Every structure is written in structure tokens, then in C-alpha cells.
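Source file work.cif; content: mmCIF, C-alpha atoms and all ligand atoms.
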```cif
data_work
#
loop_
_atom_site.label_atom_id
_atom_site.label_comp_id
_atom_site.auth_asym_id
_atom_site.auth_seq_id
_atom_site.Cartn_x
_atom_site.Cartn_y
_atom_site.Cartn_z
CA MET A 6 18.28 17.69 -25.37
CA SER A 7 15.89 14.83 -26.21
CA GLU A 8 12.14 15.40 -26.09
CA ASN A 9 11.82 13.31 -22.92
CA PHE A 10 14.28 15.29 -20.82
CA SER A 11 13.14 16.72 -17.47
CA LYS A 12 15.02 18.05 -14.50
CA TYR A 13 13.64 15.35 -12.23
CA ILE A 14 12.05 11.94 -12.81
CA ILE A 15 10.18 9.96 -10.20
CA ILE A 16 9.82 6.24 -10.91
CA GLY A 17 6.62 4.84 -9.38
CA ALA A 18 3.36 6.70 -8.72
CA GLY A 19 2.39 5.09 -5.44
CA LEU A 20 2.06 7.12 -2.25
CA SER A 21 5.79 7.79 -2.00
CA GLY A 22 6.20 8.90 -5.62
CA LEU A 23 3.11 11.10 -5.52
CA THR A 24 4.25 12.63 -2.22
CA ALA A 25 7.64 13.37 -3.77
CA ALA A 26 5.92 15.04 -6.74
CA TYR A 27 3.72 17.04 -4.37
CA GLN A 28 6.83 18.18 -2.47
CA LEU A 29 8.57 19.21 -5.70
CA LYS A 30 5.52 21.23 -6.66
CA LYS A 31 5.47 22.86 -3.22
CA ALA A 32 9.12 23.81 -3.76
CA ALA A 33 8.03 25.57 -7.00
CA GLU A 34 9.70 22.93 -9.19
CA THR A 35 7.69 22.27 -12.35
CA ASP A 36 10.07 20.33 -14.57
CA PHE A 37 9.44 16.72 -13.55
CA VAL A 38 7.55 13.59 -14.62
CA LEU A 39 6.41 10.40 -12.91
CA LEU A 40 6.80 7.06 -14.67
CA GLU A 41 4.36 4.38 -13.49
CA SER A 42 4.28 0.79 -14.71
CA ARG A 43 0.61 0.12 -13.89
CA ASN A 44 -2.35 1.59 -15.75
CA ARG A 45 -3.49 3.22 -12.49
CA LEU A 46 -2.03 5.36 -9.72
CA GLY A 47 -1.60 4.51 -6.07
CA GLY A 48 0.47 1.30 -6.08
CA ARG A 49 -0.38 -0.56 -2.87
CA ILE A 50 -3.20 1.89 -2.21
CA TYR A 51 -6.01 0.49 -4.29
CA THR A 52 -9.72 0.95 -3.71
CA ASN A 53 -12.31 -0.89 -5.78
CA ASP A 54 -16.03 -0.30 -5.30
CA ALA A 55 -15.30 1.50 -1.99
CA ILE A 56 -13.32 -1.47 -0.65
CA ASP A 57 -9.70 -0.78 0.29
CA LEU A 58 -7.95 -3.82 -1.14
CA GLY A 59 -4.57 -2.32 -0.21
CA ALA A 60 -3.70 0.05 2.63
CA THR A 61 -6.48 1.17 4.98
CA TRP A 62 -5.56 2.15 8.55
CA PHE A 63 -3.28 4.59 10.29
CA GLN A 64 -2.81 5.55 13.90
CA THR A 65 -2.43 8.69 15.99
CA HIS A 66 1.39 8.42 15.85
CA HIS A 67 1.42 8.38 12.02
CA GLN A 68 2.03 12.11 11.96
CA ASN A 69 3.07 12.24 8.29
CA VAL A 70 -0.26 10.78 7.19
CA LEU A 71 -2.17 13.13 9.50
CA ASN A 72 -0.23 16.18 8.24
CA LEU A 73 -0.64 15.29 4.58
CA LEU A 74 -4.38 14.65 4.92
CA ASP A 75 -4.77 17.98 6.69
CA GLU A 76 -2.78 19.83 4.02
CA LEU A 77 -4.86 18.28 1.24
CA GLY A 78 -8.14 18.79 3.07
CA VAL A 79 -8.96 15.07 3.14
CA SER A 80 -10.73 13.99 6.32
CA ARG A 81 -10.49 10.85 8.43
CA PHE A 82 -12.81 8.84 10.63
CA ASN A 83 -12.52 6.14 13.26
CA GLN A 84 -12.62 2.46 12.42
CA PHE A 85 -16.02 1.17 13.58
CA SER A 86 -15.54 -1.13 16.56
CA LYS A 87 -18.70 -0.90 18.71
CA GLY A 88 -20.09 -4.19 19.98
CA LYS A 89 -18.64 -7.62 20.54
CA SER A 90 -15.62 -8.80 18.56
CA VAL A 91 -14.79 -12.45 17.99
CA LEU A 92 -11.47 -14.10 18.80
CA VAL A 93 -11.04 -17.55 17.23
CA TYR A 94 -7.89 -18.93 18.79
CA SER A 95 -8.29 -22.68 18.54
CA THR A 96 -10.04 -25.21 16.30
CA MET A 97 -11.00 -27.18 19.45
CA ALA A 98 -12.10 -24.48 21.90
CA PRO A 99 -15.15 -22.25 21.41
CA GLU A 100 -14.65 -18.70 20.18
CA HIS A 101 -14.04 -15.92 22.65
CA TYR A 102 -15.89 -12.57 22.62
CA PHE A 103 -14.35 -9.26 23.69
CA GLU A 104 -15.18 -5.57 23.52
CA SER A 105 -12.73 -2.83 22.56
CA ASP A 106 -12.00 -0.22 25.21
CA PRO A 107 -13.98 2.81 23.95
CA ASN A 108 -11.29 5.09 25.47
CA ALA A 109 -8.40 3.40 23.67
CA PRO A 110 -7.19 5.27 20.55
CA SER A 111 -8.80 3.59 17.57
CA ALA A 112 -7.34 3.20 14.10
CA TYR A 113 -8.31 5.83 11.53
CA ARG A 114 -9.57 5.38 8.00
CA ILE A 115 -9.65 7.93 5.19
CA THR A 116 -13.03 9.41 4.32
CA GLY A 117 -13.90 8.41 0.78
CA SER A 118 -11.52 5.39 1.01
CA SER A 119 -7.71 5.37 0.88
CA SER A 120 -7.82 6.25 -2.82
CA ALA A 121 -9.15 9.71 -1.82
CA LEU A 122 -5.61 10.54 -0.66
CA ILE A 123 -4.16 9.38 -3.98
CA GLN A 124 -6.72 11.40 -5.96
CA ALA A 125 -6.03 14.54 -3.94
CA LEU A 126 -2.26 14.20 -4.45
CA ALA A 127 -2.55 13.39 -8.15
CA GLU A 128 -5.14 15.98 -9.12
CA PRO A 129 -2.68 18.80 -9.91
CA LEU A 130 -0.18 16.36 -11.47
CA VAL A 131 -2.26 14.82 -14.25
CA ASN A 132 -0.05 16.12 -17.07
CA LYS A 133 3.10 14.88 -15.37
CA ILE A 134 2.18 11.21 -15.03
CA ARG A 135 3.05 8.58 -17.65
CA LEU A 136 1.12 5.37 -16.97
CA GLN A 137 2.02 1.91 -18.29
CA THR A 138 5.63 3.03 -18.46
CA VAL A 139 7.97 0.41 -17.06
CA ALA A 140 11.51 1.47 -16.16
CA SER A 141 13.98 -1.30 -17.02
CA ALA A 142 17.39 0.40 -16.89
CA ILE A 143 18.99 3.54 -15.43
CA THR A 144 22.29 4.60 -16.97
CA GLU A 145 24.51 7.48 -15.93
CA ILE A 146 25.61 9.39 -19.02
CA GLY A 147 27.62 12.52 -18.26
CA ASN A 148 25.48 14.86 -16.19
CA THR A 149 22.24 13.00 -16.76
CA LEU A 150 20.58 9.71 -15.94
CA SER A 151 18.97 7.95 -18.88
CA ILE A 152 15.99 5.72 -18.14
CA GLN A 153 15.11 2.93 -20.50
CA THR A 154 11.36 2.14 -20.59
CA ASN A 155 8.88 0.30 -22.81
CA LYS A 156 7.80 3.78 -23.99
CA GLY A 157 11.28 4.90 -24.99
CA ILE A 158 14.11 6.74 -23.25
CA PHE A 159 13.52 9.40 -20.58
CA SER A 160 16.37 11.37 -19.08
CA ALA A 161 16.81 13.69 -16.14
CA GLU A 162 19.36 15.41 -13.97
CA LYS A 163 18.13 13.48 -10.94
CA VAL A 164 15.93 10.43 -10.39
CA ILE A 165 13.94 9.20 -7.40
CA VAL A 166 13.26 5.44 -7.47
CA THR A 167 10.17 4.69 -5.36
CA VAL A 168 9.74 1.11 -6.63
CA PRO A 169 9.93 -1.29 -3.62
CA PRO A 170 13.63 -2.27 -3.32
CA LYS A 171 13.08 -5.95 -4.06
CA ILE A 172 11.11 -5.12 -7.23
CA ALA A 173 13.70 -2.48 -8.18
CA THR A 174 16.32 -5.25 -8.55
CA ARG A 175 14.64 -5.82 -11.96
CA ILE A 176 16.03 -2.46 -13.05
CA GLU A 177 19.53 -2.59 -14.53
CA PHE A 178 21.73 0.14 -13.03
CA GLN A 179 24.74 1.28 -15.07
CA PRO A 180 27.31 1.70 -13.57
CA GLU A 181 26.25 -1.19 -11.37
CA LEU A 182 25.26 -0.54 -7.78
CA SER A 183 27.56 -2.09 -5.20
CA GLU A 184 27.04 -5.65 -3.96
CA VAL A 185 26.00 -4.22 -0.55
CA VAL A 186 23.18 -2.20 -2.10
CA ILE A 187 21.99 -5.05 -4.32
CA ARG A 188 21.97 -7.44 -1.35
CA ALA A 189 19.98 -4.92 0.73
CA MET A 190 17.47 -4.54 -2.11
CA GLN A 191 17.09 -8.29 -2.54
CA GLY A 192 16.73 -8.82 1.21
CA THR A 193 14.02 -6.19 1.77
CA HIS A 194 10.63 -7.87 1.90
CA THR A 195 7.91 -5.79 0.23
CA TRP A 196 5.45 -5.20 3.04
CA MET A 197 2.12 -6.97 2.50
CA SER A 198 3.15 -8.34 -0.89
CA ASN A 199 1.97 -11.73 0.34
CA ALA A 200 -1.44 -10.52 1.62
CA ILE A 201 -4.81 -11.62 0.26
CA LYS A 202 -7.65 -9.23 1.00
CA VAL A 203 -11.39 -9.84 0.77
CA GLY A 204 -14.21 -7.28 0.72
CA ILE A 205 -17.92 -8.05 0.85
CA THR A 206 -20.74 -5.49 0.64
CA PHE A 207 -24.24 -5.72 2.16
CA LYS A 208 -27.53 -3.87 2.04
CA THR A 209 -27.54 -3.45 5.83
CA PRO A 210 -24.93 -3.76 8.60
CA PHE A 211 -26.86 -6.73 10.03
CA TRP A 212 -24.02 -7.68 12.41
CA ARG A 213 -24.47 -4.42 14.33
CA ASP A 214 -28.10 -5.40 15.10
CA LYS A 215 -26.66 -8.41 16.93
CA ASN A 216 -24.29 -6.17 18.89
CA LEU A 217 -21.36 -7.53 16.86
CA SER A 218 -18.62 -5.13 15.73
CA GLY A 219 -17.82 -7.12 12.59
CA THR A 220 -14.32 -7.78 13.90
CA ILE A 221 -13.14 -11.39 13.78
CA ILE A 222 -9.52 -12.21 14.67
CA GLY A 223 -7.77 -15.58 14.57
CA GLN A 224 -5.17 -17.56 12.64
CA VAL A 225 -7.07 -20.86 12.53
CA GLY A 226 -9.89 -19.95 10.12
CA ALA A 227 -10.40 -18.90 6.51
CA VAL A 228 -10.11 -15.20 7.41
CA THR A 229 -7.40 -14.07 9.82
CA GLU A 230 -8.75 -10.55 10.41
CA LEU A 231 -12.09 -9.02 9.48
CA TYR A 232 -13.49 -5.53 10.16
CA ASP A 233 -16.55 -3.42 9.52
CA HIS A 234 -15.66 -1.52 6.32
CA SER A 235 -18.77 0.64 5.96
CA ASN A 236 -18.19 4.14 4.62
CA ALA A 237 -17.76 7.29 6.72
CA GLU A 238 -21.27 8.49 5.88
CA ASP A 239 -22.63 5.15 7.09
CA SER A 240 -24.62 4.69 3.91
CA ARG A 241 -22.73 1.75 2.28
CA TYR A 242 -22.07 -1.32 4.35
CA ALA A 243 -19.20 -3.75 4.05
CA LEU A 244 -16.85 -6.15 5.77
CA MET A 245 -13.20 -6.33 4.76
CA GLY A 246 -10.24 -8.35 5.93
CA PHE A 247 -7.31 -10.65 5.31
CA VAL A 248 -7.70 -14.15 3.92
CA ASN A 249 -5.72 -17.01 5.44
CA GLU A 250 -2.79 -17.59 3.10
CA GLY A 251 -3.39 -21.32 3.44
CA LEU A 252 -6.26 -20.78 0.95
CA ARG A 253 -4.01 -19.21 -1.72
CA ASP A 254 -3.84 -22.34 -3.86
CA TYR A 255 -7.55 -23.19 -3.64
CA SER A 256 -9.71 -22.45 -6.68
CA PRO A 257 -11.44 -19.04 -6.43
CA GLU A 258 -14.82 -20.77 -5.96
CA GLN A 259 -13.54 -23.06 -3.19
CA ARG A 260 -11.81 -20.17 -1.42
CA LYS A 261 -14.91 -17.99 -1.58
CA GLN A 262 -17.07 -20.80 -0.20
CA ARG A 263 -14.65 -21.44 2.67
CA ILE A 264 -14.62 -17.73 3.51
CA LEU A 265 -18.41 -17.34 3.38
CA ASP A 266 -18.96 -20.49 5.48
CA TYR A 267 -16.50 -19.20 8.07
CA LEU A 268 -18.21 -15.81 8.29
CA VAL A 269 -21.68 -17.41 8.50
CA LYS A 270 -20.46 -19.31 11.55
CA TYR A 271 -19.56 -16.14 13.46
CA LEU A 272 -21.81 -13.43 12.01
CA GLY A 273 -24.86 -15.33 10.80
CA LYS A 274 -26.72 -16.60 7.72
CA GLU A 275 -27.20 -13.01 6.46
CA ILE A 276 -23.64 -13.24 5.09
CA GLU A 277 -25.09 -15.27 2.19
CA GLY A 278 -27.22 -12.31 1.10
CA TYR A 279 -24.17 -10.22 0.15
CA LEU A 280 -24.35 -7.65 -2.67
CA SER A 281 -20.79 -7.98 -3.97
CA TYR A 282 -17.71 -10.04 -3.19
CA GLU A 283 -14.13 -9.31 -4.21
CA GLU A 284 -10.62 -10.47 -3.41
CA LYS A 285 -7.12 -9.36 -4.23
CA ASP A 286 -4.09 -11.60 -3.86
CA TRP A 287 -1.12 -9.22 -3.92
CA SER A 288 1.30 -12.10 -4.42
CA GLN A 289 -0.05 -12.39 -7.97
CA ASP A 290 0.55 -8.72 -8.75
CA TRP A 291 3.97 -8.41 -10.35
CA ASN A 292 4.22 -4.65 -9.75
CA THR A 293 4.34 -5.40 -6.02
CA SER A 294 5.37 -9.00 -5.68
CA CYS A 295 7.89 -11.46 -7.04
CA GLU A 296 8.55 -15.20 -7.18
CA THR A 297 10.13 -15.38 -3.75
CA ILE A 298 7.24 -14.19 -1.57
CA LYS A 299 6.98 -15.62 1.86
CA SER A 300 4.55 -15.09 4.68
CA VAL A 301 5.84 -12.48 7.10
CA TYR A 302 3.84 -12.33 10.29
CA MET A 303 6.23 -10.09 12.20
CA SER A 304 7.10 -6.63 10.89
CA PRO A 305 10.44 -7.04 9.16
CA SER A 306 13.00 -4.31 9.78
CA TYR A 307 13.07 -1.48 7.26
CA GLY A 308 15.07 1.66 6.57
CA ASN A 309 18.43 0.05 5.78
CA PRO A 310 20.98 2.94 5.82
CA VAL A 311 22.07 2.08 2.25
CA PHE A 312 18.78 3.64 1.11
CA GLU A 313 19.60 6.91 2.87
CA ARG A 314 22.64 7.50 0.65
CA THR A 315 22.55 8.94 -2.83
CA TYR A 316 24.13 7.14 -5.80
CA MET A 317 25.45 7.99 -9.26
CA ASN A 318 27.09 11.22 -8.07
CA GLY A 319 24.10 12.36 -6.06
CA ARG A 320 21.73 11.91 -9.01
CA LEU A 321 19.95 8.75 -7.86
CA VAL A 322 17.87 8.62 -4.68
CA PHE A 323 15.79 5.78 -3.25
CA SER A 324 12.40 6.34 -1.67
CA GLY A 325 9.37 4.22 -0.74
CA ALA A 326 7.86 2.70 2.39
CA GLU A 327 10.55 0.00 2.71
CA THR A 328 13.42 2.51 2.54
CA SER A 329 12.03 4.67 5.33
CA PRO A 330 13.85 4.89 8.68
CA LEU A 331 10.46 5.87 10.17
CA SER A 332 7.25 3.77 10.00
CA GLY A 333 8.89 1.37 7.52
CA GLY A 334 6.40 -0.53 5.37
CA TYR A 335 3.49 1.75 6.25
CA MET A 336 1.81 4.67 4.47
CA ASP A 337 3.46 6.95 7.02
CA GLY A 338 6.88 5.65 5.93
CA ALA A 339 6.00 6.05 2.24
CA ILE A 340 5.16 9.72 2.84
CA TYR A 341 8.16 10.35 5.08
CA SER A 342 10.57 8.83 2.56
CA GLY A 343 9.04 10.89 -0.28
CA ILE A 344 9.62 14.07 1.72
CA LEU A 345 13.23 13.04 2.52
CA ALA A 346 13.97 12.10 -1.09
CA VAL A 347 12.98 15.54 -2.34
CA LYS A 348 15.12 17.21 0.31
CA LYS A 349 18.05 15.14 -0.96
CA ILE A 350 17.57 15.90 -4.66
CA LEU A 351 17.08 19.61 -4.06
CA GLU A 352 20.49 19.74 -2.37
CA LYS A 353 23.40 20.62 -4.62
CA VAL A 354 24.97 17.63 -6.41
CA ARG A 355 27.93 16.48 -4.32
C1 LIG B 401 -2.97 -5.56 1.38
C2 LIG B 401 -2.23 -4.39 1.94
C3 LIG B 401 -2.64 -3.82 3.11
C4 LIG B 401 -1.97 -2.73 3.66
N1 LIG B 401 -2.46 -2.14 4.79
C5 LIG B 401 -1.87 -1.02 5.26
C6 LIG B 401 -2.47 -0.29 6.30
O1 LIG B 401 -3.58 -0.61 6.76
N2 LIG B 401 -1.81 0.81 6.77
C7 LIG B 401 -0.61 1.23 6.23
O2 LIG B 401 -0.08 2.24 6.70
N3 LIG B 401 -0.04 0.56 5.20
C8 LIG B 401 -0.65 -0.54 4.70
N4 LIG B 401 -0.11 -1.18 3.62
C9 LIG B 401 1.18 -0.69 3.10
C10 LIG B 401 1.02 0.55 2.19
O3 LIG B 401 0.16 0.21 1.14
C11 LIG B 401 2.39 0.98 1.70
O4 LIG B 401 3.20 1.37 2.78
C12 LIG B 401 2.38 2.16 0.72
O5 LIG B 401 1.25 2.20 -0.09
C13 LIG B 401 3.65 2.05 -0.12
O6 LIG B 401 3.76 3.13 -1.00
P1 LIG B 401 5.05 3.25 -1.91
O7 LIG B 401 4.82 4.38 -2.83
O8 LIG B 401 6.27 3.22 -1.09
O9 LIG B 401 5.10 1.86 -2.74
P2 LIG B 401 4.03 1.28 -3.85
O10 LIG B 401 2.66 1.63 -3.47
O11 LIG B 401 4.39 -0.14 -4.01
O12 LIG B 401 4.44 2.14 -5.14
C14 LIG B 401 5.47 1.79 -6.00
C15 LIG B 401 4.99 2.06 -7.42
O13 LIG B 401 6.03 1.71 -8.35
C16 LIG B 401 5.42 1.11 -9.48
N5 LIG B 401 6.45 0.33 -10.18
C17 LIG B 401 6.92 -0.91 -9.86
N6 LIG B 401 7.88 -1.26 -10.73
C18 LIG B 401 8.02 -0.23 -11.62
C19 LIG B 401 8.87 -0.01 -12.74
N7 LIG B 401 9.79 -0.89 -13.13
N8 LIG B 401 8.72 1.16 -13.45
C20 LIG B 401 7.78 2.09 -13.08
N9 LIG B 401 6.97 1.93 -11.98
C21 LIG B 401 7.11 0.78 -11.27
C22 LIG B 401 4.29 0.28 -8.89
O14 LIG B 401 3.30 -0.03 -9.85
C23 LIG B 401 3.77 1.22 -7.80
O15 LIG B 401 2.74 2.05 -8.26
C24 LIG B 401 -0.80 -2.24 3.02
C25 LIG B 401 -0.38 -2.81 1.82
C26 LIG B 401 -1.10 -3.86 1.27
C27 LIG B 401 -0.65 -4.45 -0.05
#
```
Please, can you express the file's structure as C-alpha cells?
Amino acid sequence: MSENFSKYIIIGAGLSGLTAAYQLKKAAETDFVLLESRNRLGGRIYTNDAIDLGATWFQTHHQNVLNLLDELGVSRFNQFSKGKSVLVYSTMAPEHYFESDPNAPSAYRITGSSSALIQALAEPLVNKIRLQTVASAITEIGNTLSIQTNKGIFSAEKVIVTVPPKIATRIEFQPELSEVVIRAMQGTHTWMSNAIKVGITFKTPFWRDKNLSGTIIGQVGAVTELYDHSNAEDSRYALMGFVNEGLRDYSPEQRKQRILDYLVKYLGKEIEGYLSYEEKDWSQDWNTSCETIKSVYMSPSYGNPVFERTYMNGRLVFSGAETSPLSGGYMDGAIYSGILAVKKILEKVR
């Protein structure tokens, strides 16, 4: 046996891969490793300076997120939404103000930012994670799968691929996967891979003093959605949202100016006194995105049945938010698929 042999290998240490590892550990399995191409964990969950530049919200029906947070002892809190929100629906008509129904279920956020979930999952797995390890080929050799990476060959009895299907087409599978599977992988948009997020921090939540919630919605301006992104303890104040993709090709300085001007218009001059400003354009991040990104404003359909099957004699299983028949694209789907994948690999090889 080579030095890099383990019973199980998980490719990708985003939410799905880490959930799969957590499930293996719960099932008393210890012989596994995670291979992650980035130099950090979490994939599309990425928090910088307390700003969630990737995933943020979940809802009351996202039972897999709720269960996992409870199991790990990570708490949640409601998205702040008190006060007037702004709807900008036309460049000609004035903005419209509305208030959220205080009795309607509000979106949740994770206390300590979304990365708190990743940290809690990863904490007992530190020795099992290989960062900056890019899988480029998976070859079936006898009773094992051999994984070619930039850090050498790893092999395992069974492998869970949690890389988003479209990005996983970069991996060479030997024997080749069928045309149907390849087409499904190519045709599965990676949720939010086209998004640009912006986060701005402030000394005070000045908008609240004006009875504004910090929410601004509308497709016609520099920011399409903006929310109060202050922390759960209400001691660090921020606004965070999605940048209009029409600004993607502007220079960073021009884009920032357009965004700040837009927010000044609806929240006030205090915007200019920000403490920090950051953006992340996921379309430029090759671990999530690819050349053929396109704007997707409707939720595309996910959970193609080809991802439910196992391949290479039951040794290869797909997982990840886009493969999930439930809550496809979302954190809930990433967790659900990780749980399903482990159930599949713990079954006897068929
Ligand atoms: C801007 C943005 C906002 C979002 N907002 C929300 C939200 O509010 N609520 C919500 O529920 N969801 C949201 N999402 C979606 C959510 O982030 C995903 O559903 C979830 O994080 C996906 O987890 P995953 O493990 O399936 O995939 P990923 O997080 O993409 O993990 C896959 C991992 O595989 C790694 N990888 C890629 N290629 C290779 C390779 N060749 N070898 C080894 N490793 C590789 C990647 O680096 C990555 O770490 C958002 C996403 C983005 C980008």
C-alpha cells in the first residue's frame, strides 16, 4: 500500500465535504482524508473581517442547517430588519419604502459569521485535511481509486467528489464517465458563481437612527440587494449585499465609487465615513467559477438523478449543493448531500 492510501477520500473541503467528514467520524470511521484545492476551508462559505462574502442566510425550512448547528452547538440569530426598507424599482420613479411584517419568519444568520459553522466542523479534522491539493484525475485501478494531485497520488477504496459538478469536469475520470453524466456536469450552473458581494463596516449603525433597516432592493442601481450585516452581539456594524453585475467590468475604483454614491443616495452621507470596504467577485475565483459564467436570476434546477447514482463499481460518489435533490444550491443542500454521500459509501460495494 502506498503512503497516501486511506479507506475514504473526500475531494473538496467546503460545507458538503466537511459534513461528509463529520458524518464519517460520527460513524466511527477514522481512515479518511480531505483534499482541498484552496489554501483555506469552507469553499463558498467565506468570511473576511466578519463579513460573509459567500453564504449567509438560511430559513426555518432549512432543517439540515438547523440540525447541524444544534449538534455542533453553534447558535443563530435573526437578520436585522427593523425600520423602513427601500425598494428602487425604476430609474424614473422615486424609491418606495416598506416595512417587513414583524410576524413573518425572518431569515437566520449564524452567530460569529457563517465561517463559525466551518470552524466547528473542521476543528476535530485538522489532521485529515490537505490544503492546496488539487485533484486532476481519478483512475480506477483494481479495488482502489487513484487520485492524481499536484501533491502526488492519493488512493482510497471509495471517493466522494464534492467539487461543484461544472468545476469537476476539469477532473479526468478513467474509465471515462458516460456522456450523460458529463453533459449533466457541464450543464449544472454553480449556484452564485456569478455573484459579486460587497461589505462595508461602520463605527455606528447610523441608518437605524433614521428608522432605516439598511435593506435596499432593486435591479436598477449599483447594488441589487443590501442588508444590515452587524454582528449578533450588536457591537460591530456593517452593511453587506450584492453588487449589480453590470459593474463587473468597471475598474475597482469606479465600481466602489458607484456603489458608495448609490448608498449615499438612500442611506445618507454617513456612508462616506466607512471603516472598511471589501468586495468579492466569485466569477474570478477559479475554484468556484469557470469561463462560461452567466447571470442566473432564477434558481436553476438541481439534483439531477445522475448524481444520485454511484460510479466506478460503487467506489465513486458525487456530493455538493448542486447534486442535492433537496435545497439544491443552498447550504441546506450541501449538508443534505454530504449526509447522503456517506450513507452511500458506507453501504457494501455493489
Ligand atoms: C456569494 C454567495 C452567496 C451565497 N449565499 C447563500 C445564502 O445566503 N444561503 C445559502 O444557503 N447558500 C448561499 N450560497 C451557496 C452556498 O455557499 C453553497 O450552497 C455551499 O457553500 C456549497 O457547499 P459545497 O461544499 O457543496 O461546495 P463548495 O463550497 O463550492 O465546496 C467545494 C470545494 O471543492 C474545492 N475544489 C474545487 N476544485 C477542486 C479540485 N480539483 N480538487 C480539490 N478541491 C477542489 C473548492 O475549493 C471548494 O472548497 C451562496 C454562495 C455564494 C458564492
Report, in Å to a single decimal, how far apart atom CA of Tyr27 of chain A and atom CA of Gln124 of chain A are.
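A separation of 12.0 Å between them.
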Using only C-alpha atoms, pick whichever of A:Ile350, A:Ile146, A:Ala243, A:Ile187 has the shortest atom-to-atom distance to Ala173 of chain A.
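Once distances to Ala173 of chain A are computed over only C-alpha atoms, the minimum belongs to A:Ile187.
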Please, what distance in Å, to one decimal, runs between atom CA of Ser281 of chain A and atom CA of Phe207 of chain A?
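Atom CA of Phe207 of chain A lies at a distance of 7.4 Å from atom CA of Ser281 of chain A.
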Neighbouring residues of segment 31-42 of chain A were defined as those with any atom within 6 Å, considering all atoms listed in the file; residues of the same chain fewer than 2 positions away were excluded. Please report them as a PyMOL selection string.
chain A and resi 11-18+28-29+133-139
Top pick for closest residue to ligand LIG 401 (chain B), considering A:Lys349, A:His67, A:Arg314, A:Arg320 and counting only C-alpha atoms and all ligand atoms:
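Closest to ligand LIG 401 (chain B), using only C-alpha atoms and all ligand atoms: A:His67.
In terms of minimum interatomic distance to Ile264 of chain A, A:Glu230 ranks closest within A:Glu100, A:Glu230, A:Asp337, A:Glu296, counting only C-alpha atoms.
Distances from A:Phe85, A:Tyr94, A:Tyr307, A:Tyr242 to ligand LIG 401 (chain B) were compared using only C-alpha atoms and all ligand atoms, and the smallest one belongs to A:Tyr307.
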Listed atoms of ligand LIG 401 (chain B) boxed along x, y and z, 6 Å each side, centre and edge lengths in Å, one decimal, as lines of an AutoDock Vina configuration file:
```
center_x = 3.1
center_y = -0.6
center_z = -3.3
size_x = 25.4
size_y = 21.9
size_z = 32.2
```
If we count all atoms listed in the file and set the cut-off at 6 Å, which residues sit around segment 214-220 of chain A, ignoring sequence neighbours fewer than 6 positions away in its own chain? Please answer as a CSV table (one decimal) with C-alpha atoms, in the frame of the given file.
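Dumped to selection_34.csv:
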```csv
chain,number,residue,atom,x,y,z
A,86,SER,CA,-15.5,-1.1,16.6
A,87,LYS,CA,-18.7,-0.9,18.7
A,88,GLY,CA,-20.1,-4.2,20.0
A,89,LYS,CA,-18.6,-7.6,20.5
A,90,SER,CA,-15.6,-8.8,18.6
A,231,LEU,CA,-12.1,-9.0,9.5
A,232,TYR,CA,-13.5,-5.5,10.2
A,233,ASP,CA,-16.6,-3.4,9.5
```
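Across the model, the gap from atom CA of Gly19 of chain A to atom C10 of ligand LIG 401 (chain B) is 9.0 Å.
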With distances taken over only C-alpha atoms and all ligand atoms, which residue among A:Met97, A:Ile172, A:Leu182, A:Leu321 lies nearest ligand LIG 401 (chain B)?
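That would be A:Ile172, the residue with the smallest distance to ligand LIG 401 (chain B).
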Distance criterion (all atoms listed in the file): nearest to Ala125 of chain A out of A:Glu181, A:Asp254, A:Asp75, A:Glu238
A:Asp75
Could you give me, as a list in words, the residues within 7 Å of Ala127 of chain A, counting all atoms listed in the file and dropping anything in the same chain fewer than 4 positions from it?
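Skipping anything fewer than 4 positions along the chain leaves Leu23, Ile123 and Val131 of chain A.
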